[in-house]
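What follows is a set of notes on a single structure, which appears directly below.
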Amino acid sequence: MRAYTPKDDVQKKPYYTDRYWVAPQVAKSDVSEDAVFAADFEAIKAKFDVLDAYIQVGQMVIVINAADNFGVIELMKNELAYNQLSELSAIDWLAQEGKFEIFYQMLSMSKRKRVRVKCKISEKESIQSVEKLFRSADWSEREMYDMFGVVVNNHPFMKRILMPDDWEGFPLRKTYPLQGDEFAQWYEVDKLFGKEAREIIGPEIRDSARVDRYDTERFARLGHEVPRGADISQGEPDTPLCYQENEGVFMIEKFDAEKSVVISDRDR
Amino acid sequence: MAQHQVNYLKDGGLPVALTTIDKVVNWGRSNSIWALTYGLACCGIEMMASGASRYDFDRFGTIFRASPRQAELMVVAGTLTKKHAEFIRRLYDQMTEPKWVISMGSCANTGGMFNTYATVQGVDRVIPVDLYLPGCAPRPETLQYAVLLLQQKIRRESASRAQKPKRLM
């Protein structure tokens, strides 16, 4: 996306509109505006480097160094009463900055406040686990590894959680194609039948526009069945549903549409 | 000499019905299709409704079994993920011959709206399918109709020979 530059001289070009939609930034305010946040901020700042801090949508955001993540969250849990880690994940900024942003969403039940702790690591770096502090971090960190490839140190069971163990690639990275890379597209075929079966089974059909309303080779409309390959571009005849062969089945009563009753009372 | 001719092959003659082994076997097979419970997603709810009292699958002889060894029909009801493809194939292989597969709903047929990296684009990439059932999700009546169509298919097939190997695609 093209970088956004403010257009100050709007009088000259009143008809100017941006080519792409640019997400508006929510206003940020200073930490000192909220007494609770200001006290928490001072407590954290006394022990750790804080790169940035602001209040956005009623929540404090603190940007710290990635090496301090365990210490900051330990401090927040034990001394600042942030007793719940509600969410933890990563954001892929590899294209813009070459870094992952990792965020920890903290909630204090007693203060009724939420704080988001953010830090950034580069692609090859790893981060310390906070599983010792919050059990909820266990699966979140595994998911973060599964989806982004962010390796978490000191995690008790660092393994993929959603994708199969033998999966290649990290699906939530921006560089990962939505419909999968070659490995993903042939995954089940390669695994079950081997690579030599690729030619037999063929590539995945992913073009949803391929569905042809008039295709009678592969589709049959219920109640409008025609012989295979018949031309139905001019419409197809109604065919009654065929529950049984014409000659009937031994000991089984043939369904007669004339004698069937439609129950009007649905609650019967 | 008999006063009247008896046609022994017609009704009222000897208490004998003449038929072929194929027909008897297929009659039995087609009216006792035991299905493997295979609800993978929301289609599974419709499959359960078909088995329950209002729609009543039991009257067609279709009884859901929780073991592939006792089942001969696999109703693949729902989205098949790539992680699960291995297991569906294993369960299919564990079913005893003869066996049939109904692919129920758009997701099982083609991947449906899940045009993503993690979804198998149609179960026929993994197991051979006898009947594709459209709908998202198909109503219980539709699943019943599919089973009745499958019964007709079974009656048409030869019973004595081993099942023809089905083409995977």
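Each chain in the structure tokens gets a letter, A, B and so on, in the order shown; residues start at 1 in every chain, and ligands are counted from 1 in the order they appear.
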- [ ] Select all residues from chain A having any atom no more than 6 Å from an atom of chain B (counting only C-alpha atoms, ignoring ligands), output as a ChimeraX atom specification.
- [x] /A:164,178-180,243
- [ ] Show which residues sit within 12 Å of Asp93 in chain B, as a ChimeraX atom specification. Count only C-alpha atoms, and ignore same-chain residues fewer than 3 positions away.
- [x] /A:192 /B:68-69,71-72,74,86-90,96-101,126-128
Open item on the list: With distances taken over only C-alpha atoms, which residue among B:Ala159, B:Ile45, B:Ile63, B:Ala52 lies nearest Ala137 in chain B?
Closed with: B:Ile45
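Nearest residue to Val123 in chain B, choosing from A:Asp212, A:Glu204, A:Asp34, A:Ala66 and counting only C-alpha atoms: A:Glu204.
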Open item on the list: I want to know what sits within 9 Å of range 107-110 of chain A, based on only C-alpha atoms, with residues of the same chain fewer than 5 positions away left out; could you give that as a ChimeraX atom specification?
Closed with: /A:77,80-86,115-116
Task: Pick from B:Glu141, B:Asp130, B:Val75, B:Trp34, whichever lies nearest to Arg54 in chain B using only C-alpha atoms - done: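 Smallest separation from Arg54 in chain B among the options: B:Glu141.
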Open item on the list: I'd like the neighbourhood of Ala66 in chain B as a list in words, where a residue qualifies if any of its atoms comes within 9 Å (using only C-alpha atoms), though same-chain residues fewer than 4 positions away should be ignored.
Closed with: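 Surrounding residues, per the criterion: Ala35, Leu36, Thr37, Tyr38, Gln70 and Ala71 of chain B.
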Go ahead and save the residues from that selection, with N, CA and C atoms, as a JSON list (two decimals), in the first residue's frame.
[["chain", "number", "residue", "atom", "x", "y", "z"],
["B", 35, "ALA", "N", -24.57, -47.12, 9.06],
["B", 35, "ALA", "CA", -23.73, -45.97, 8.71],
["B", 35, "ALA", "C", -22.78, -45.65, 9.86],
["B", 36, "LEU", "N", -21.60, -45.23, 9.47],
["B", 36, "LEU", "CA", -20.62, -44.79, 10.47],
["B", 36, "LEU", "C", -20.95, -43.35, 10.87],
["B", 37, "THR", "N", -20.99, -43.08, 12.12],
["B", 37, "THR", "CA", -21.25, -41.69, 12.53],
["B", 37, "THR", "C", -20.03, -40.87, 12.14],
["B", 38, "TYR", "N", -20.23, -39.95, 11.27],
["B", 38, "TYR", "CA", -19.09, -39.15, 10.82],
["B", 38, "TYR", "C", -19.48, -37.68, 10.69],
["B", 70, "GLN", "N", -18.26, -52.18, 11.96],
["B", 70, "GLN", "CA", -19.66, -52.57, 11.87],
["B", 70, "GLN", "C", -20.40, -51.75, 10.84],
["B", 71, "ALA", "N", -19.73, -50.84, 10.17],
["B", 71, "ALA", "CA", -20.43, -49.93, 9.27],
["B", 71, "ALA", "C", -20.10, -50.26, 7.83]]
- [ ] Name the residues of chain B that fall into strand (DSSP E or B) according to DSSP on the backbone, using the chain letters and numbers of this document, as a list in words.
- [x]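 Residues meeting the strand (DSSP E or B) criterion: Trp34, Ala35, Leu36, Gly39, Ile63, Phe64, Arg65, Leu73, Met74, Val75, Val76, Ala77, Thr81, Trp100, Val101, Ile102, Ser103, Met104, Thr119, Leu131, Tyr132 and Leu133 of chain B.
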File dump, residues just selected, N, CA and C atoms, as a PDB file, in the first residue's frame:
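Heads up, here's the output in part.pdb:
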ATOM      1  N   TRP B  34     -25.795 -49.932   7.525  1.00  0.00           N
ATOM      2  CA  TRP B  34     -25.379 -49.349   8.793  1.00  0.00           C
ATOM      3  C   TRP B  34     -24.342 -48.280   8.501  1.00  0.00           C
ATOM      4  N   ALA B  35     -24.574 -47.120   9.057  1.00  0.00           N
ATOM      5  CA  ALA B  35     -23.727 -45.970   8.706  1.00  0.00           C
ATOM      6  C   ALA B  35     -22.784 -45.645   9.855  1.00  0.00           C
ATOM      7  N   LEU B  36     -21.600 -45.230   9.472  1.00  0.00           N
ATOM      8  CA  LEU B  36     -20.624 -44.789  10.466  1.00  0.00           C
ATOM      9  C   LEU B  36     -20.953 -43.353  10.866  1.00  0.00           C
ATOM     10  N   GLY B  39     -19.949 -37.111  11.741  1.00  0.00           N
ATOM     11  CA  GLY B  39     -20.291 -35.693  11.719  1.00  0.00           C
ATOM     12  C   GLY B  39     -19.050 -34.862  11.943  1.00  0.00           C
ATOM     13  N   ILE B  63     -28.832 -47.717  10.533  1.00  0.00           N
ATOM     14  CA  ILE B  63     -28.571 -47.521  11.953  1.00  0.00           C
ATOM     15  C   ILE B  63     -27.141 -47.010  12.091  1.00  0.00           C
ATOM     16  N   PHE B  64     -26.981 -45.958  12.860  1.00  0.00           N
ATOM     17  CA  PHE B  64     -25.634 -45.405  12.995  1.00  0.00           C
ATOM     18  C   PHE B  64     -24.810 -46.241  13.958  1.00  0.00           C
ATOM     19  N   ARG B  65     -23.608 -46.537  13.553  1.00  0.00           N
ATOM     20  CA  ARG B  65     -22.683 -47.309  14.367  1.00  0.00           C
ATOM     21  C   ARG B  65     -21.461 -46.450  14.642  1.00  0.00           C
ATOM     22  N   LEU B  73     -21.569 -47.859   5.435  1.00  0.00           N
ATOM     23  CA  LEU B  73     -21.775 -46.566   4.777  1.00  0.00           C
ATOM     24  C   LEU B  73     -21.099 -45.490   5.608  1.00  0.00           C
ATOM     25  N   MET B  74     -20.364 -44.643   4.933  1.00  0.00           N
ATOM     26  CA  MET B  74     -19.751 -43.511   5.608  1.00  0.00           C
ATOM     27  C   MET B  74     -20.407 -42.244   5.083  1.00  0.00           C
ATOM     28  N   VAL B  75     -21.141 -41.548   5.940  1.00  0.00           N
ATOM     29  CA  VAL B  75     -21.741 -40.278   5.546  1.00  0.00           C
ATOM     30  C   VAL B  75     -20.778 -39.189   6.001  1.00  0.00           C
ATOM     31  N   VAL B  76     -20.010 -38.651   5.068  1.00  0.00           N
ATOM     32  CA  VAL B  76     -19.049 -37.624   5.443  1.00  0.00           C
ATOM     33  C   VAL B  76     -19.821 -36.314   5.564  1.00  0.00           C
ATOM     34  N   ALA B  77     -20.148 -35.952   6.786  1.00  0.00           N
ATOM     35  CA  ALA B  77     -21.016 -34.801   7.013  1.00  0.00           C
ATOM     36  C   ALA B  77     -20.180 -33.655   7.554  1.00  0.00           C
ATOM     37  N   THR B  81     -10.797 -31.160   7.122  1.00  0.00           N
ATOM     38  CA  THR B  81      -9.549 -30.403   7.141  1.00  0.00           C
ATOM     39  C   THR B  81      -8.394 -31.294   6.712  1.00  0.00           C
ATOM     40  N   TRP B 100     -19.726 -48.065   1.121  1.00  0.00           N
ATOM     41  CA  TRP B 100     -20.160 -46.941   0.281  1.00  0.00           C
ATOM     42  C   TRP B 100     -19.943 -45.643   1.032  1.00  0.00           C
ATOM     43  N   VAL B 101     -19.851 -44.562   0.269  1.00  0.00           N
ATOM     44  CA  VAL B 101     -19.596 -43.261   0.872  1.00  0.00           C
ATOM     45  C   VAL B 101     -20.598 -42.263   0.313  1.00  0.00           C
ATOM     46  N   ILE B 102     -21.241 -41.509   1.197  1.00  0.00           N
ATOM     47  CA  ILE B 102     -22.051 -40.370   0.775  1.00  0.00           C
ATOM     48  C   ILE B 102     -21.316 -39.120   1.220  1.00  0.00           C
ATOM     49  N   SER B 103     -21.041 -38.247   0.284  1.00  0.00           N
ATOM     50  CA  SER B 103     -20.420 -36.972   0.625  1.00  0.00           C
ATOM     51  C   SER B 103     -21.552 -35.970   0.843  1.00  0.00           C
ATOM     52  N   MET B 104     -21.716 -35.545   2.073  1.00  0.00           N
ATOM     53  CA  MET B 104     -22.902 -34.746   2.428  1.00  0.00           C
ATOM     54  C   MET B 104     -22.540 -33.276   2.558  1.00  0.00           C
ATOM     55  N   THR B 119      -8.191 -26.698   4.199  1.00  0.00           N
ATOM     56  CA  THR B 119      -9.369 -27.518   3.922  1.00  0.00           C
ATOM     57  C   THR B 119      -9.142 -28.383   2.694  1.00  0.00           C
ATOM     58  N   LEU B 131     -21.961 -41.001  -3.754  1.00  0.00           N
ATOM     59  CA  LEU B 131     -23.095 -40.112  -3.942  1.00  0.00           C
ATOM     60  C   LEU B 131     -22.752 -38.744  -3.381  1.00  0.00           C
ATOM     61  N   TYR B 132     -22.906 -37.735  -4.191  1.00  0.00           N
ATOM     62  CA  TYR B 132     -22.659 -36.374  -3.724  1.00  0.00           C
ATOM     63  C   TYR B 132     -24.000 -35.735  -3.399  1.00  0.00           C
ATOM     64  N   LEU B 133     -24.093 -35.213  -2.211  1.00  0.00           N
ATOM     65  CA  LEU B 133     -25.360 -34.639  -1.766  1.00  0.00           C
ATOM     66  C   LEU B 133     -25.177 -33.131  -1.649  1.00  0.00           C
TER      67      LEU B 133
END
Open item on the list: Residues of chain B classed as alpha helix (DSSP H) by DSSP on the backbone are to be reported as number ranges by chain.
Closed with: B: 21-30, 43-51, 82-94, 105-110, 140-156
TODO: In Å, rounded to a single decimal, give me how far CA of Glu168 in chain A is from CA of Phe70 in chain A.
DONE: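 Those two atoms sit 29.1 Å apart.
For the pair CA of Lys118 in chain A and CA of Asp49 in chain A, the separation is 12.4 Å.
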TODO: Write out as a PyMOL selection string which residues come within 12 Å of range 256-266 of chain A when counting only C-alpha atoms, dropping same-chain ones fewer than 4 positions away.
DONE: (chain A and resi 240-244+246+248) or (chain B and resi 54)
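As for CA of Ala3 in chain A and CA of Ala23 in chain A, they are spaced 11.7 Å apart.
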